[in-house]
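File shown here: coords_35.csv, holding CSV, C-alpha atoms.
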chain,number,residue,atom,x,y,z
P,1,MET,CA,-13.9,-5.0,23.7
P,2,ALA,CA,-10.8,-2.7,23.0
P,3,ASN,CA,-12.5,-0.9,20.2
P,4,ARG,CA,-15.9,-0.4,21.8
P,5,GLY,CA,-16.7,3.4,21.7
P,6,ALA,CA,-13.4,4.0,20.1
P,7,PRO,CA,-14.6,6.7,17.6
P,8,GLU,CA,-15.6,9.0,20.5
P,9,ARG,CA,-12.2,8.5,22.2
P,10,MET,CA,-9.9,8.9,19.2
P,11,ARG,CA,-8.5,12.2,18.2
P,12,ALA,CA,-7.3,11.6,14.6
P,13,ILE,CA,-7.4,12.9,11.1
P,14,ALA,CA,-6.4,11.2,7.8
P,15,LEU,CA,-4.6,12.4,4.7
P,16,ALA,CA,-4.8,10.3,1.6
P,17,GLY,CA,-3.8,10.7,-2.0
P,18,PRO,CA,-2.1,9.1,-5.0
P,19,THR,CA,1.6,8.5,-5.2
P,20,ALA,CA,3.6,11.7,-5.8
P,21,ALA,CA,0.8,14.0,-4.7
P,22,GLY,CA,2.9,15.6,-2.0
P,23,LYS,CA,1.6,13.8,1.1
P,24,THR,CA,4.9,13.6,3.0
P,25,ALA,CA,5.5,17.4,3.0
P,26,ALA,CA,1.8,18.1,3.7
P,27,ALA,CA,1.8,15.7,6.6
P,28,LEU,CA,4.9,17.1,8.2
P,29,ALA,CA,3.4,20.6,8.0
P,30,ILE,CA,0.1,19.4,9.7
P,31,ALA,CA,2.1,17.5,12.3
P,32,ARG,CA,4.2,20.5,13.2
P,33,GLU,CA,1.2,22.8,13.5
P,34,HIS,CA,-0.9,20.4,15.6
P,35,ASP,CA,1.6,18.5,17.6
P,36,ALA,CA,0.8,15.2,15.8
P,37,GLU,CA,2.4,11.9,15.4
P,38,ILE,CA,2.2,10.3,11.9
P,39,VAL,CA,0.8,6.8,11.4
P,40,SER,CA,1.9,5.5,7.9
P,41,VAL,CA,-0.9,4.1,5.8
P,42,ASP,CA,1.4,2.6,3.2
P,43,SER,CA,1.9,-1.1,2.4
P,44,ALA,CA,5.4,-0.5,1.0
P,45,LEU,CA,6.9,1.6,3.8
P,46,VAL,CA,6.5,-1.2,6.3
P,47,TYR,CA,9.5,-3.0,4.7
P,48,ARG,CA,13.1,-2.5,5.9
P,49,GLY,CA,15.7,-2.0,3.3
P,50,MET,CA,13.2,-0.7,0.7
P,51,ASP,CA,14.0,3.0,1.0
P,52,ILE,CA,14.6,4.5,-2.4
P,53,GLY,CA,11.9,2.8,-4.4
P,54,THR,CA,9.2,3.5,-1.8
P,55,ALA,CA,10.1,7.2,-1.4
P,56,LYS,CA,10.5,6.6,2.3
P,57,PRO,CA,10.7,9.7,4.4
P,58,THR,CA,14.3,10.8,4.9
P,59,ALA,CA,16.1,10.4,8.3
P,60,ALA,CA,15.6,14.1,8.9
P,61,GLU,CA,11.9,13.9,8.2
P,62,LEU,CA,11.5,10.8,10.4
P,63,ALA,CA,13.4,12.6,13.2
P,64,ALA,CA,11.4,15.8,12.9
P,65,VAL,CA,8.0,14.1,13.7
P,66,PRO,CA,7.4,10.7,15.3
P,67,HIS,CA,6.4,8.2,12.6
P,68,HIS,CA,4.8,4.7,13.1
P,69,LEU,CA,4.4,1.6,10.9
P,70,ILE,CA,7.6,2.3,9.0
P,71,ASP,CA,10.4,-0.4,8.8
P,72,ILE,CA,8.4,-2.9,10.8
P,73,ARG,CA,8.7,-5.9,8.5
P,74,ASP,CA,11.5,-7.7,6.6
P,75,PRO,CA,10.8,-7.9,2.9
P,76,SER,CA,10.4,-11.7,3.3
P,77,GLN,CA,7.4,-11.2,5.5
P,78,ALA,CA,3.8,-10.3,4.8
P,79,TYR,CA,1.8,-7.5,6.4
P,80,SER,CA,-2.0,-7.6,6.0
P,81,ALA,CA,-4.7,-4.9,6.0
P,82,ALA,CA,-6.1,-6.6,9.1
P,83,GLU,CA,-2.8,-6.3,10.9
P,84,PHE,CA,-2.6,-2.6,9.8
P,85,ALA,CA,-6.1,-1.9,11.2
P,86,SER,CA,-5.2,-3.6,14.5
P,87,ASP,CA,-1.9,-1.8,14.8
P,88,ALA,CA,-3.3,1.6,13.7
P,89,HIS,CA,-6.1,1.5,16.3
P,90,ARG,CA,-3.6,0.6,19.0
P,91,LEU,CA,-1.2,3.3,18.0
P,92,VAL,CA,-3.9,6.0,17.8
P,93,ARG,CA,-5.0,5.3,21.3
P,94,GLU,CA,-1.4,5.4,22.5
P,95,ILE,CA,-0.8,8.7,20.7
P,96,ASN,CA,-3.9,10.2,22.2
P,97,ALA,CA,-2.9,9.0,25.6
P,98,ARG,CA,0.3,11.1,25.2
P,99,GLY,CA,-2.0,14.1,24.5
P,100,ARG,CA,-1.2,14.3,20.8
P,101,LEU,CA,-3.1,14.1,17.6
P,102,ALA,CA,-2.8,11.0,15.4
P,103,LEU,CA,-2.3,11.8,11.7
P,104,LEU,CA,-2.9,8.8,9.4
P,105,VAL,CA,-1.1,9.4,6.1
P,106,GLY,CA,-0.7,7.3,2.9
P,107,GLY,CA,-1.9,5.9,-0.3
P,108,THR,CA,-2.7,2.3,0.4
P,109,MET,CA,-6.5,2.5,-0.1
P,110,LEU,CA,-7.1,-1.0,1.2
P,111,TYR,CA,-5.7,0.1,4.5
P,112,PHE,CA,-8.0,3.1,4.6
P,113,LYS,CA,-10.8,0.7,3.8
P,114,ALA,CA,-9.8,-1.4,6.8
P,115,TRP,CA,-9.7,1.8,9.0
P,116,TYR,CA,-13.1,3.2,7.9
P,117,GLU,CA,-15.1,0.1,7.1
P,118,GLY,CA,-13.5,-2.9,8.8
P,119,LEU,CA,-12.6,-6.0,6.8
P,120,ASP,CA,-14.2,-9.3,6.0
P,121,ALA,CA,-13.2,-11.8,8.7
P,122,MET,CA,-10.8,-14.1,7.0
P,123,PRO,CA,-8.9,-17.2,8.2
P,124,PRO,CA,-5.2,-16.8,8.8
P,125,ALA,CA,-2.5,-17.8,6.3
P,126,ASP,CA,-1.5,-21.5,6.2
P,127,ALA,CA,2.2,-21.9,5.2
P,128,ALA,CA,1.9,-25.6,4.6
P,129,ILE,CA,-1.1,-25.2,2.2
P,130,ARG,CA,0.6,-22.3,0.4
P,131,ALA,CA,3.7,-24.4,-0.2
P,132,GLU,CA,1.5,-27.2,-1.5
P,133,LEU,CA,-0.2,-24.8,-3.9
P,134,GLU,CA,3.2,-23.4,-5.1
P,135,SER,CA,4.3,-26.9,-5.9
P,136,GLU,CA,1.2,-27.6,-7.8
P,137,ALA,CA,1.5,-24.4,-9.7
P,138,ALA,CA,5.1,-25.1,-10.7
P,139,SER,CA,4.0,-28.4,-12.3
P,140,LEU,CA,0.5,-27.5,-13.6
P,141,GLY,CA,0.5,-23.8,-14.1
P,142,TRP,CA,-1.7,-21.1,-12.4
P,143,PRO,CA,-4.4,-21.4,-15.1
P,144,ALA,CA,-4.9,-25.0,-14.1
P,145,LEU,CA,-5.3,-23.9,-10.4
P,146,HIS,CA,-7.7,-21.2,-11.6
P,147,ALA,CA,-9.8,-24.0,-13.1
P,148,GLN,CA,-9.7,-25.8,-9.8
P,149,LEU,CA,-10.9,-22.7,-8.1
P,150,ALA,CA,-13.8,-22.3,-10.5
P,151,GLN,CA,-15.0,-25.8,-9.4
P,152,VAL,CA,-15.1,-24.9,-5.7
P,153,ASP,CA,-15.6,-21.2,-5.7
P,154,PRO,CA,-17.0,-20.0,-9.0
P,155,VAL,CA,-17.9,-16.5,-7.6
P,156,THR,CA,-14.2,-15.7,-6.8
P,157,ALA,CA,-12.8,-17.4,-9.9
P,158,ALA,CA,-15.1,-15.3,-12.1
P,159,ARG,CA,-13.4,-12.1,-10.9
P,160,LEU,CA,-9.8,-13.3,-11.1
P,161,ALA,CA,-7.6,-13.6,-14.2
P,162,PRO,CA,-6.2,-17.1,-14.8
P,163,ALA,CA,-2.7,-15.8,-14.2
P,164,ASP,CA,-3.5,-13.9,-11.0
P,165,SER,CA,-1.3,-16.2,-8.9
P,166,GLN,CA,-1.4,-14.3,-5.6
P,167,ARG,CA,-5.2,-14.2,-5.4
P,168,ILE,CA,-5.8,-17.7,-6.8
P,169,GLN,CA,-3.4,-19.0,-4.2
P,170,ARG,CA,-5.2,-17.2,-1.4
P,171,ALA,CA,-8.6,-18.4,-2.5
P,172,LEU,CA,-7.6,-22.0,-2.8
P,173,GLU,CA,-5.7,-21.8,0.5
P,174,VAL,CA,-8.9,-20.6,2.2
P,175,TYR,CA,-11.0,-23.3,0.7
P,176,ARG,CA,-8.5,-26.1,1.6
P,177,ALA,CA,-8.1,-24.8,5.1
P,178,THR,CA,-11.8,-24.3,5.9
P,179,GLY,CA,-13.8,-26.2,3.3
P,180,ARG,CA,-15.6,-23.0,2.5
P,181,PRO,CA,-15.2,-20.8,-0.5
P,182,LEU,CA,-13.5,-17.4,0.0
P,183,SER,CA,-16.6,-15.6,-1.3
P,184,SER,CA,-18.6,-17.1,1.7
P,185,PHE,CA,-16.5,-14.9,4.1
P,186,HIS,CA,-17.5,-11.7,2.4
P,187,GLY,CA,-19.9,-9.6,4.3
P,188,GLN,CA,-18.8,-10.9,7.7
P,189,ARG,CA,-17.2,-7.6,8.8
P,190,PRO,CA,-16.6,-6.4,12.3
P,191,ALA,CA,-17.8,-3.0,13.3
P,192,ALA,CA,-15.5,-0.3,11.9
P,193,ALA,CA,-13.9,1.8,14.6
P,194,GLY,CA,-12.4,4.7,12.5
P,195,ASN,CA,-15.3,5.8,10.4
P,196,ASP,CA,-15.6,9.2,12.1
P,197,THR,CA,-12.1,10.2,11.3
P,198,PRO,CA,-12.0,13.4,9.0
P,199,LEU,CA,-10.4,12.5,5.7
P,200,PHE,CA,-8.5,15.0,3.5
P,201,ALA,CA,-7.7,13.8,0.0
P,202,LEU,CA,-5.0,15.3,-2.2
P,203,GLU,CA,-6.4,15.1,-5.7
P,204,PRO,CA,-4.9,16.9,-8.8
P,205,ARG,CA,-7.2,18.9,-11.0
P,206,GLN,CA,-4.9,18.1,-14.0
P,207,ARG,CA,-3.8,14.5,-14.4
P,208,ALA,CA,-0.8,15.8,-16.4
P,209,TRP,CA,0.6,17.6,-13.3
P,210,LEU,CA,0.6,14.3,-11.4
P,211,HIS,CA,2.2,12.4,-14.4
P,212,GLU,CA,5.0,14.9,-14.5
P,213,ARG,CA,5.7,14.6,-10.8
P,214,ILE,CA,5.6,10.8,-11.1
P,215,ALA,CA,8.2,10.9,-13.9
P,216,GLU,CA,10.4,13.3,-12.0
P,217,ARG,CA,10.3,11.2,-8.8
P,218,PHE,CA,11.1,8.0,-10.7
P,219,GLU,CA,14.1,9.8,-12.3
P,220,ALA,CA,15.2,10.9,-8.9
P,221,MET,CA,14.9,7.3,-7.6
P,222,LEU,CA,17.1,6.0,-10.4
P,223,ALA,CA,19.7,8.7,-9.8
P,224,ALA,CA,19.7,7.8,-6.0
P,225,GLY,CA,20.5,4.1,-6.7
P,226,PHE,CA,17.2,2.4,-6.9
P,227,LEU,CA,18.5,-0.3,-9.3
P,228,ASP,CA,21.3,-1.1,-6.9
P,229,GLU,CA,18.8,-1.3,-4.1
P,230,VAL,CA,16.8,-4.0,-6.0
P,231,ARG,CA,20.0,-5.8,-6.9
P,232,SER,CA,20.9,-5.9,-3.2
P,233,LEU,CA,17.5,-7.3,-2.3
P,234,ARG,CA,17.8,-10.0,-5.0
P,235,ALA,CA,21.3,-10.9,-3.8
P,236,ARG,CA,19.9,-12.0,-0.4
P,237,GLY,CA,18.7,-15.2,-2.0
P,238,ASP,CA,15.5,-15.5,0.1
P,239,LEU,CA,13.2,-13.1,-1.8
P,240,THR,CA,11.1,-14.0,-4.8
P,241,PRO,CA,9.0,-11.8,-7.2
P,242,GLU,CA,5.8,-13.4,-5.8
P,243,LEU,CA,6.3,-11.8,-2.3
P,244,PRO,CA,4.1,-8.8,-1.5
P,245,SER,CA,7.2,-6.7,-1.0
P,246,MET,CA,8.6,-7.4,-4.4
P,247,ARG,CA,5.3,-6.8,-6.1
P,248,CYS,CA,5.4,-3.2,-5.1
P,249,VAL,CA,5.4,-0.8,-8.0
P,250,GLY,CA,8.9,-0.2,-9.3
P,251,TYR,CA,10.4,-3.2,-7.6
P,252,ARG,CA,8.4,-5.6,-9.6
P,253,GLN,CA,9.4,-3.9,-12.9
P,254,ALA,CA,13.1,-3.8,-11.9
P,255,TRP,CA,13.1,-7.4,-10.8
P,256,GLU,CA,11.5,-8.6,-14.1
P,257,LEU,CA,14.0,-6.6,-16.2
P,258,LEU,CA,16.9,-8.0,-14.1
P,259,ASP,CA,15.6,-11.5,-14.8
P,260,GLU,CA,15.3,-10.7,-18.5
P,261,HIS,CA,18.8,-9.2,-18.6
P,262,GLU,CA,20.3,-12.2,-16.8
P,263,ALA,CA,18.5,-14.6,-19.1
P,264,ALA,CA,20.0,-12.9,-22.1
P,265,GLY,CA,23.5,-13.4,-20.7
P,266,ASP,CA,24.2,-9.9,-19.7
P,267,VAL,CA,25.8,-9.3,-23.1
P,268,HIS,CA,24.3,-5.9,-23.4
P,269,PRO,CA,24.1,-3.0,-21.0
P,270,PHE,CA,21.2,-3.0,-18.6
P,271,PRO,CA,18.1,-1.4,-20.3
P,272,LEU,CA,17.8,1.5,-17.9
P,273,GLN,CA,15.5,3.4,-20.3
P,274,LEU,CA,13.1,0.5,-20.4
P,275,LEU,CA,13.0,0.3,-16.6
P,276,ARG,CA,12.3,4.1,-16.7
P,277,GLU,CA,9.4,3.6,-19.1
P,278,ARG,CA,7.9,0.6,-17.3
P,279,GLY,CA,8.3,2.0,-13.9
P,280,ILE,CA,6.7,5.3,-14.8
P,281,ALA,CA,3.8,3.6,-16.6
P,282,ALA,CA,3.2,1.3,-13.7
P,283,THR,CA,3.3,4.2,-11.2
P,284,ARG,CA,0.8,6.1,-13.3
P,285,GLN,CA,-1.5,3.1,-13.3
P,286,LEU,CA,-1.2,2.9,-9.5
P,287,ALA,CA,-2.1,6.6,-9.2
P,288,LYS,CA,-5.2,6.1,-11.4
P,289,ARG,CA,-6.4,3.2,-9.2
P,290,GLN,CA,-5.7,5.3,-6.0
P,291,LEU,CA,-7.7,8.2,-7.4
P,292,THR,CA,-10.6,6.0,-8.5
P,293,TRP,CA,-10.8,4.5,-5.0
P,294,LEU,CA,-10.5,7.8,-3.3
P,295,ARG,CA,-13.3,9.3,-5.3
P,296,GLY,CA,-15.6,6.5,-4.1
P,297,MET,CA,-15.1,7.5,-0.5
P,298,PRO,CA,-17.9,9.9,0.3
P,299,GLN,CA,-16.4,11.2,3.6
P,300,ARG,CA,-13.3,12.6,1.9
P,301,ARG,CA,-12.7,16.4,1.6
P,302,PRO,CA,-10.8,17.0,-1.6
P,303,ILE,CA,-7.9,19.4,-1.7
P,304,ALA,CA,-6.5,20.3,-5.2
P,305,CYS,CA,-2.9,19.4,-4.7
P,306,ASP,CA,-1.8,21.1,-8.0
P,307,ALA,CA,-3.2,24.4,-6.8
P,308,PRO,CA,-0.5,27.1,-6.0
P,309,ASP,CA,-1.9,27.4,-2.5
P,310,ALA,CA,-2.6,23.7,-1.9
P,311,LEU,CA,-0.7,23.5,1.4
P,312,ALA,CA,-2.4,26.7,2.7
P,313,GLN,CA,-5.8,25.2,1.8
P,314,LEU,CA,-5.0,22.0,3.6
P,315,LEU,CA,-3.7,23.6,6.7
P,316,ARG,CA,-6.7,25.9,6.9
P,317,ALA,CA,-9.1,22.9,6.5
P,318,ALA,CA,-7.3,21.0,9.2
P,319,ARG,CA,-7.5,24.0,11.6
P,320,GLU,CA,-11.3,24.3,10.9
P,321,THR,CA,-11.8,20.6,11.5
P,322,LEU,CA,-9.7,20.4,14.7
P,323,GLY,CA,-11.0,23.6,16.1

Show me, as C-alpha cells, the structure contained in the file I just sent.
Amino acid sequence: MANRGAPERMRAIALAGPTAAGKTAAALAIAREHDAEIVSVDSALVYRGMDIGTAKPTAAELAAVPHHLIDIRDPSQAYSAAEFASDAHRLVREINARGRLALLVGGTMLYFKAWYEGLDAMPPADAAIRAELESEAASLGWPALHAQLAQVDPVTAARLAPADSQRIQRALEVYRATGRPLSSFHGQRPAAAGNDTPLFALEPRQRAWLHERIAERFEAMLAAGFLDEVRSLRARGDLTPELPSMRCVGYRQAWELLDEHEAAGDVHPFPLQLLRERGIAATRQLAKRQLTWLRGMPQRRPIACDAPDALAQLLRAARETLG
C-alpha cells in the first residue's frame, strides 16, 4: 500500500557510474544547486569502520549535504538489495516531505535494479541452515555442495561456478527452507516504484582515463592507511572473508594477501606492490561490470565524465530535467 502511486509523488533523480568516475563531487554540486539530500546507492558505504577502502565521503562532505544509507551496518551484518529498496523509498518520501529533492547516487547496480525494476520475491535468510551448510562445506568442499545443488536446482547450478560459495550457499539455503528451487522464485517481482526517476550515468569515452583514476585512487587509499584499516577489521576476530563486507573490492584482496603473508610466517615484508596490483586489477574489473550493466539500462542519460566540461554538462542536464 505504501508504494501505490509512488512514482507520481516522488521528486528524485539518480546519478550512477563506475567506481572513480567522479560521482561524489558531481552529487555534491547537484545537491547544493537543487537543495537535495543524497541517498547512497552503494553496498560498501553502508558499513561502519570501512572508510578508506570504500572512498567514503569525508566528514566535511557528509556535513555539507545530508547523506543517507551510510554507516548503517556493522561489517558483521548483511544488507540486501531488497532492504535497500525499502529504505530508499521510505527515505525519498521523507526527503520530499521536507520539501527537498532526493538524489540517489552510487555504483551498486543491483540496488539500482531494485529501485527501477523491483526484485524477485525471495524468502529471508535462515541462520541455522547457513551454519549447517558452512559445516558441510568445511568437510566436503563447495564443489560437492554445487553437485548437490545440481540435483535439486539444475537451472541455478548451471549458472554458478563450483567454487562460488556465496551463491551456492544461498541457493541451497532457499531450497532447504522452502522445498523449492531458487530459480522458481524468479519472475515473481513486485511492481517497481522508482522506474520514472531520471537517471544520469557518468560514463568515460576513454577507458584509459578511468583506469588512470582507479590507479590514482588506490594509491591514495594505500597512502591513507588502507592496509591498517583491514588489519584492524581482521583483529576484531568476528569477521571472515566470506562476509559481504569483506568481499568488497580491495578488502578481499588485502585480506587474502594478509592470510598468505601470515601463512608464510611473516618472514618477508608485506608485499604492498602485489596488493597494489591486485587491488587495481579487481577495481578495473568492477568498473567494467558496472559499465556493462549501466549500458543495458535504456532510461539512462549518459554524461561523458572524462570531458573537460563534464560537470557543467551534468548540471545543465539536471536543470533541464528538474525545470

Point out the residue among P:Leu274, P:Glu212, P:Leu133, P:Ser183 with the least atom-to-atom distance to Ala157 of chain P, counting only C-alpha atoms. P:Ser183

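Going from atom CA of Val65 of chain P over to atom CA of His89 of chain P, you cover 19.1 Å.
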
Using all atoms listed in the file, list the residues that have an atom at most 12 Å from (2.5, -21.4, -1.8), coordinates as in the file, as a PyMOL selection string. chain P and resi 125-138+142+145+165-173+240+242-243

With distances taken over only C-alpha atoms, which residue among P:Leu291, P:Ala215, P:Met297, P:Leu91 lies nearest Gly279 of chain P? P:Ala215

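In this structure, atom CA of Ala264 of chain P sits 29.2 Å away from atom CA of Arg217 of chain P.
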
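The gap separating atom CA of Asn195 of chain P from atom CA of Glu117 of chain P is 6.6 Å, in Å to one decimal.
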
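Neighbours of Pro75 of chain P closer than or equal to 12 Å, with all atoms listed in the file counted and sequence neighbours fewer than 5 positions away skipped, come out as Ser43, Ala44, Leu45, Val46, Tyr47, Arg48, Gly49, Met50, Asp51, Val230, Ser232, Leu233, Arg234, Arg236, Gly237, Asp238, Leu239, Thr240, Pro241, Glu242, Leu243, Pro244, Ser245, Met246, Arg247, Cys248 and Tyr251 of chain P.
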
So, with only C-alpha atoms as the atoms that count, which of P:Pro123, P:His146, P:Gly118, P:Ala55 lies closest to Ala177 of chain P?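 Among P:Pro123, P:His146, P:Gly118, P:Ala55, it is P:Pro123 that comes nearest to Ala177 of chain P.
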
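Using only C-alpha atoms, the shortest contact distance between Arg316 of chain P and any of P:Ile95, P:Ile303, P:Ala147, P:Leu62 is found at P:Ile303.
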
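Among the candidate residues P:Leu322, P:Ala16, P:Ala21, P:Val249, the one lying nearest to Leu294 of chain P is P:Ala16, with distances computed using only C-alpha atoms.
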
Complete segment 167-189 of chain P with N, CA, C and O atoms (output as an mmCIF file, keeping the file's coordinate frame).
data_model
loop_
_atom_site.group_PDB
_atom_site.id
_atom_site.type_symbol
_atom_site.label_atom_id
_atom_site.label_comp_id
_atom_site.auth_asym_id
_atom_site.auth_seq_id
_atom_site.Cartn_x
_atom_site.Cartn_y
_atom_site.Cartn_z
ATOM 1 N N ARG P 167 -3.848 -14.073 -5.863
ATOM 2 C CA ARG P 167 -5.200 -14.200 -5.400
ATOM 3 C C ARG P 167 -5.799 -15.585 -5.579
ATOM 4 O O ARG P 167 -6.610 -16.039 -4.768
ATOM 5 N N ILE P 168 -5.381 -16.269 -6.639
ATOM 6 C CA ILE P 168 -5.800 -17.700 -6.800
ATOM 7 C C ILE P 168 -5.290 -18.510 -5.672
ATOM 8 O O ILE P 168 -6.013 -19.331 -5.087
ATOM 9 N N GLN P 169 -4.033 -18.284 -5.341
ATOM 10 C CA GLN P 169 -3.400 -19.000 -4.200
ATOM 11 C C GLN P 169 -4.169 -18.808 -2.936
ATOM 12 O O GLN P 169 -4.484 -19.752 -2.199
ATOM 13 N N ARG P 170 -4.478 -17.552 -2.654
ATOM 14 C CA ARG P 170 -5.200 -17.200 -1.400
ATOM 15 C C ARG P 170 -6.566 -17.873 -1.375
ATOM 16 O O ARG P 170 -6.993 -18.433 -0.355
ATOM 17 N N ALA P 171 -7.277 -17.806 -2.493
ATOM 18 C CA ALA P 171 -8.600 -18.400 -2.500
ATOM 19 C C ALA P 171 -8.625 -19.870 -2.326
ATOM 20 O O ALA P 171 -9.457 -20.419 -1.581
ATOM 21 N N LEU P 172 -7.689 -20.552 -2.982
ATOM 22 C CA LEU P 172 -7.600 -22.000 -2.800
ATOM 23 C C LEU P 172 -7.125 -22.365 -1.410
ATOM 24 O O LEU P 172 -7.563 -23.366 -0.826
ATOM 25 N N GLU P 173 -6.227 -21.554 -0.878
ATOM 26 C CA GLU P 173 -5.700 -21.800 0.500
ATOM 27 C C GLU P 173 -6.893 -21.725 1.478
ATOM 28 O O GLU P 173 -7.025 -22.593 2.359
ATOM 29 N N VAL P 174 -7.752 -20.717 1.344
ATOM 30 C CA VAL P 174 -8.900 -20.600 2.200
ATOM 31 C C VAL P 174 -9.827 -21.780 2.107
ATOM 32 O O VAL P 174 -10.287 -22.340 3.108
ATOM 33 N N TYR P 175 -10.067 -22.204 0.872
ATOM 34 C CA TYR P 175 -11.000 -23.300 0.700
ATOM 35 C C TYR P 175 -10.402 -24.612 1.284
ATOM 36 O O TYR P 175 -11.124 -25.366 1.962
ATOM 37 N N ARG P 176 -9.117 -24.865 1.045
ATOM 38 C CA ARG P 176 -8.500 -26.100 1.600
ATOM 39 C C ARG P 176 -8.404 -26.081 3.084
ATOM 40 O O ARG P 176 -8.453 -27.132 3.734
ATOM 41 N N ALA P 177 -8.241 -24.903 3.647
ATOM 42 C CA ALA P 177 -8.100 -24.800 5.100
ATOM 43 C C ALA P 177 -9.433 -24.907 5.825
ATOM 44 O O ALA P 177 -9.509 -25.430 6.946
ATOM 45 N N THR P 178 -10.505 -24.422 5.189
ATOM 46 C CA THR P 178 -11.800 -24.300 5.900
ATOM 47 C C THR P 178 -12.908 -25.146 5.273
ATOM 48 O O THR P 178 -13.931 -25.387 5.924
ATOM 49 N N GLY P 179 -12.727 -25.550 3.994
ATOM 50 C CA GLY P 179 -13.800 -26.200 3.300
ATOM 51 C C GLY P 179 -14.888 -25.296 2.820
ATOM 52 O O GLY P 179 -15.937 -25.729 2.323
ATOM 53 N N ARG P 180 -14.626 -24.001 2.945
ATOM 54 C CA ARG P 180 -15.600 -23.000 2.500
ATOM 55 C C ARG P 180 -14.959 -22.098 1.449
ATOM 56 O O ARG P 180 -13.766 -21.791 1.520
ATOM 57 N N PRO P 181 -15.739 -21.671 0.456
ATOM 58 C CA PRO P 181 -15.200 -20.800 -0.500
ATOM 59 C C PRO P 181 -14.871 -19.395 0.048
ATOM 60 O O PRO P 181 -15.521 -18.961 1.007
ATOM 61 N N LEU P 182 -13.875 -18.732 -0.507
ATOM 62 C CA LEU P 182 -13.500 -17.400 0.000
ATOM 63 C C LEU P 182 -14.673 -16.447 -0.078
ATOM 64 O O LEU P 182 -14.856 -15.622 0.825
ATOM 65 N N SER P 183 -15.490 -16.558 -1.110
ATOM 66 C CA SER P 183 -16.600 -15.600 -1.300
ATOM 67 C C SER P 183 -17.615 -15.749 -0.110
ATOM 68 O O SER P 183 -18.348 -14.796 0.176
ATOM 69 N N SER P 184 -17.648 -16.887 0.581
ATOM 70 C CA SER P 184 -18.600 -17.100 1.700
ATOM 71 C C SER P 184 -18.230 -16.223 2.896
ATOM 72 O O SER P 184 -19.051 -16.011 3.788
ATOM 73 N N PHE P 185 -16.958 -15.747 2.944
ATOM 74 C CA PHE P 185 -16.500 -14.900 4.100
ATOM 75 C C PHE P 185 -16.851 -13.462 3.891
ATOM 76 O O PHE P 185 -16.793 -12.690 4.842
ATOM 77 N N HIS P 186 -17.162 -13.081 2.670
ATOM 78 C CA HIS P 186 -17.500 -11.700 2.400
ATOM 79 C C HIS P 186 -18.735 -11.258 3.104
ATOM 80 O O HIS P 186 -19.716 -11.987 3.133
ATOM 81 N N GLY P 187 -18.701 -10.077 3.649
ATOM 82 C CA GLY P 187 -19.900 -9.600 4.300
ATOM 83 C C GLY P 187 -19.850 -9.816 5.841
ATOM 84 O O GLY P 187 -20.674 -9.282 6.570
ATOM 85 N N GLN P 188 -18.890 -10.619 6.308
ATOM 86 C CA GLN P 188 -18.800 -10.900 7.700
ATOM 87 C C GLN P 188 -17.831 -9.913 8.390
ATOM 88 O O GLN P 188 -16.794 -10.282 8.918
ATOM 89 N N ARG P 189 -18.156 -8.654 8.330
ATOM 90 C CA ARG P 189 -17.200 -7.600 8.800
ATOM 91 C C ARG P 189 -17.484 -7.234 10.230
ATOM 92 O O ARG P 189 -18.629 -7.105 10.655
#
